[in-house]
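Visitor: One structure, pasted below without further comment.
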Amino acid sequence: MANLFVVGTQWGDEGKGKIVDVLAKEADIVARFQGGPNAGHTVVYDGQKFILHIIPSGILHPNKRCIIGDGVVVDPGGLLEEIEGLTDRGIEVEGRLFLSDHAHLIMPYHKAIDAESEKALGKKGIGTTKRGIGPTYADQASRISIRFCDLMDEEIFREKLERNLKEKNFLLEHYYGAGSFDSKEIVATFKKYREKFSHYVTDTRTILKDAFKSSKKILFEGAQGTLLDINHGTYPFVTSSATTVGGVCSGLGVPPKMIHTVLGVVKAYTTRVGGGPFPTEIHGDTCEQIRQNGSEFGSTTGRPRRCGWLDFVALRHSVWINGIDHLAITRLDVLDGLEELKICTAYRYNEEILVDTFPHTEVLDRCEPVYETLPGWKTKTEGTRTYEDLPQEAKDYVTLISDTLKASLAIISTGESRDSTIIRESLY
Ligand code: IMP
């Protein structure tokens, strides 16, 4: 199988960064198709920790080409910092990173509107990362957004900026009572970005088309997770992009036949950051134990993540939406030492039992999880590299997941580093 899509099956933070990093070794190109710097993909190798927000995790492998596609929203200042941070640590980026001329720019006013809108919503807020993601995609849908191809032309950029600023400043000043932006300052800052990015901005669609024709292996790197998808997630508590399989095609300009296999990344328990329904959420000591064991704090915002048990109803939905045929189960080691584990097998909603339907947010809010309880394991799984070395209870746990979801268990991750990985099946 040549091209592989790696997708998060929960609310993001499943550990996709590490899985992409492990698989990137075999790929020629790693491509991001959606989202922006709201993502935080953590990769650890040689004792060094890297947190990538926008650059595909494949950049950490020499000679791999990385693409930031049409459907990604990019904060140019943040991207520049990320490029410089990697370059300072000896990782060559120029000549390997290709940025779509169709990708949309996150402008300073998008970040301000994101923050003000969340402030105005108060307790009813989405709990966004305040990186300007929603307002940028809103401008894309309104057809007023500024793209990298616009940035490359000084006059077009200035004209679009000035037109947008009239509306954005009015909103910021008169609706939110916040500060406004000066076009001259933005023009001056973005002039620097024009120069810096002129080596990176290109037609990434053609790169992918040529790669396909010459049978190169492409890894499509998802950000966030299925339950944060704008259409198929827990709307409105979602991100503003298509995080699922359809997003690969629309976000990169590639046909569906280019996606040969889909690997769903399942964290061995569930977490979510921000607001919204979470039927299997747990509180108290067990939650704290999982949060501390798994360092469950947002890699972009540092917020403590909400923790809960695995949820088969939500996972069945993710498997169906994405056509998942293989699984990577991550962070198994975080559950080491727990007396018992619970798995939600169905939801109880009034008199109904829901197994195969993932309801909309208002119903989901009122669903009660139906749990099956399994014994925990006493031996450490951390750092385990072979399936045979896992304790029997851990084997039973992962087997139950793969049997229930009817997807083969390709990878088990037992720790942060590249080495702490059990590969059961080659995906290439
Ligand atoms: P936004 O993407 O910043 O607009 O945030 C919308 C929702 O998605 C919030 O609940 C965020 O916490 C969540 N979110 C966005 N990106 C990530 C991610 O990479 N991991 C986990 N949650 C995320």
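For the structure tokens, the naming scheme is as follows: chains receive sequential letters (A, B, ...) according to their order of presentation, residues are indexed from 1 within each chain, and ligands are indexed from 1 in presentation order.
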Tell me, which residues of range 142-234 of chain A carry DSSP alpha helix (DSSP H), written as an MDAnalysis selection string?
Guide: chainID A and resid 148:151 154:170 183:197 204:213
Visitor: Using only C-alpha atoms, please write the residues we just selected to a file, as a PDB file, in the first residue's frame.
Guide:
ATOM      1  CA  PHE A 148      -0.317  33.137   0.276  1.00  0.00           C
ATOM      2  CA  CYS A 149      -0.646  33.858  -3.462  1.00  0.00           C
ATOM      3  CA  ASP A 150      -2.074  37.273  -2.450  1.00  0.00           C
ATOM      4  CA  LEU A 151       0.746  37.858  -0.004  1.00  0.00           C
ATOM      5  CA  GLU A 154       2.300  43.554  -2.636  1.00  0.00           C
ATOM      6  CA  GLU A 155      -0.533  45.506  -4.284  1.00  0.00           C
ATOM      7  CA  ILE A 156      -3.131  42.754  -4.109  1.00  0.00           C
ATOM      8  CA  PHE A 157      -2.193  42.077  -0.487  1.00  0.00           C
ATOM      9  CA  ARG A 158      -2.526  45.754   0.502  1.00  0.00           C
ATOM     10  CA  GLU A 159      -5.841  46.139  -1.289  1.00  0.00           C
ATOM     11  CA  LYS A 160      -7.393  43.011   0.300  1.00  0.00           C
ATOM     12  CA  LEU A 161      -6.021  43.912   3.712  1.00  0.00           C
ATOM     13  CA  GLU A 162      -7.434  47.443   3.624  1.00  0.00           C
ATOM     14  CA  ARG A 163     -10.817  46.212   2.470  1.00  0.00           C
ATOM     15  CA  ASN A 164     -10.942  43.601   5.253  1.00  0.00           C
ATOM     16  CA  LEU A 165      -9.635  45.916   7.941  1.00  0.00           C
ATOM     17  CA  LYS A 166     -12.554  48.309   7.515  1.00  0.00           C
ATOM     18  CA  GLU A 167     -14.962  45.572   8.562  1.00  0.00           C
ATOM     19  CA  LYS A 168     -12.705  43.892  11.147  1.00  0.00           C
ATOM     20  CA  ASN A 169     -11.791  47.147  12.901  1.00  0.00           C
ATOM     21  CA  PHE A 170     -15.446  48.133  13.020  1.00  0.00           C
ATOM     22  CA  SER A 183      -2.845  48.593   7.983  1.00  0.00           C
ATOM     23  CA  LYS A 184       0.579  50.215   7.618  1.00  0.00           C
ATOM     24  CA  GLU A 185       1.987  48.205  10.511  1.00  0.00           C
ATOM     25  CA  ILE A 186       0.572  44.964   9.106  1.00  0.00           C
ATOM     26  CA  VAL A 187       1.874  45.776   5.609  1.00  0.00           C
ATOM     27  CA  ALA A 188       5.371  46.371   7.044  1.00  0.00           C
ATOM     28  CA  THR A 189       5.372  43.105   9.055  1.00  0.00           C
ATOM     29  CA  PHE A 190       4.005  41.075   6.174  1.00  0.00           C
ATOM     30  CA  LYS A 191       6.609  42.508   3.770  1.00  0.00           C
ATOM     31  CA  LYS A 192       9.147  40.558   5.837  1.00  0.00           C
ATOM     32  CA  TYR A 193       7.003  37.419   5.518  1.00  0.00           C
ATOM     33  CA  ARG A 194       6.741  37.908   1.739  1.00  0.00           C
ATOM     34  CA  GLU A 195      10.517  37.853   1.484  1.00  0.00           C
ATOM     35  CA  LYS A 196      10.972  34.935   3.886  1.00  0.00           C
ATOM     36  CA  PHE A 197       8.284  32.734   2.325  1.00  0.00           C
ATOM     37  CA  THR A 204       1.550  21.975  -3.942  1.00  0.00           C
ATOM     38  CA  ARG A 205      -1.238  20.340  -5.973  1.00  0.00           C
ATOM     39  CA  THR A 206       1.184  19.749  -8.843  1.00  0.00           C
ATOM     40  CA  ILE A 207       3.826  18.343  -6.485  1.00  0.00           C
ATOM     41  CA  LEU A 208       1.273  15.799  -5.251  1.00  0.00           C
ATOM     42  CA  LYS A 209       0.045  14.987  -8.751  1.00  0.00           C
ATOM     43  CA  ASP A 210       3.619  14.331  -9.922  1.00  0.00           C
ATOM     44  CA  ALA A 211       4.335  12.303  -6.793  1.00  0.00           C
ATOM     45  CA  PHE A 212       1.278  10.147  -7.447  1.00  0.00           C
ATOM     46  CA  LYS A 213       2.260   9.603 -11.077  1.00  0.00           C
TER      47      LYS A 213
END
Visitor: Around ligand 1, out to 7 Å and counting only C-alpha atoms and all ligand atoms, which residues are there? I want them as a PyMOL selection string.
Guide: chain A and resi 11-13+38-40+126-134+223-224+228+237-240+272-275
Visitor: Within 12 Å of range 402-422 of chain A, which residues of range 29-108 of chain A come that close, and what is the closest atom pair and distance in Å for each? Count only C-alpha atoms and give it as CSV.
Guide:
residue,atom,partner,partner_atom,distance
A:His41,CA,A:Glu416,CA,11.6
A:Thr42,CA,A:Glu416,CA,8.5
A:Val43,CA,A:Glu416,CA,7.3
A:Val44,CA,A:Ser417,CA,5.0
A:Tyr45,CA,A:Ser417,CA,5.6
A:Asp46,CA,A:Ser417,CA,8.0
A:Gly47,CA,A:Ser417,CA,7.7
A:Gln48,CA,A:Ser417,CA,9.2
A:Lys49,CA,A:Ser417,CA,9.1
A:Phe50,CA,A:Ser417,CA,11.1
A:Leu60,CA,A:Arg418,CA,11.7
Visitor: When you look at range 280-283 of chain A with a cut-off of 10 Å (counting only C-alpha atoms), what residues show up, excluding the ones that are within fewer than 6 positions of it in the same chain? I need them as a list in words.
Guide: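 With the cut-off at 10 Å, the set is Tyr269, Thr270, Thr271, Arg272, Arg306, Cys307, Gly308, Trp309, Leu310, Asp311, Lys342, Ile343, Cys344, Tyr347, Cys367, Glu368, Pro369, Val370 and Tyr371 of chain A.
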Visitor: List every residue of range 332-406 of chain A that DSSP, applied to the backbone of this structure, places in strand (DSSP E), and write the result as a ChimeraX atom specification.
Guide: /A:340-349,352-354,368-375
Visitor: How many Å separate CA of Val319 in chain A from CA of Thr9 in chain A?
Guide: 7.4 Å
Visitor: Would you pick out the contacts of Gly58 in chain A at 12 Å or less, using only C-alpha atoms, so that residues sharing its chain but fewer than 4 positions from it are not included, and give the list as JSON, numbers by chain?
Guide: {"A": [16, 17, 18, 19, 20, 21, 22, 23, 24, 25, 26, 27, 28, 29, 30, 31, 32, 41, 42, 43, 50, 52, 54, 62, 63, 64, 65, 66, 67, 68, 91, 92, 93, 96, 97, 218, 219, 220, 221]}
Visitor: Provide the CA of Glu81 in chain A to CA of Val7 in chain A distance in Å, to one decimal place.
Guide: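 Straight-line distance from CA of Glu81 in chain A to CA of Val7 in chain A works out to 26.1 Å.
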Visitor: Restricting the calculation to only C-alpha atoms: of A:Ala346, A:Val248, A:Val73, A:Leu105, which residue gets closest to Leu364 in chain A?
Guide: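 That would be A:Ala346, the residue with the smallest distance to Leu364 in chain A.
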Visitor: Measuring between only C-alpha atoms, which one of A:Thr300, A:Lys380, A:Leu354, A:Ala268 shows the shortest distance to Val398 in chain A?
Guide: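 Distance minimum relative to Val398 in chain A lands on A:Ala268.
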Visitor: Closest to Pro135 in chain A among A:Arg366, A:His102, A:Arg147, A:Lys111, using only C-alpha atoms?
Guide: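 That would be A:Lys111, the residue with the smallest distance to Pro135 in chain A.
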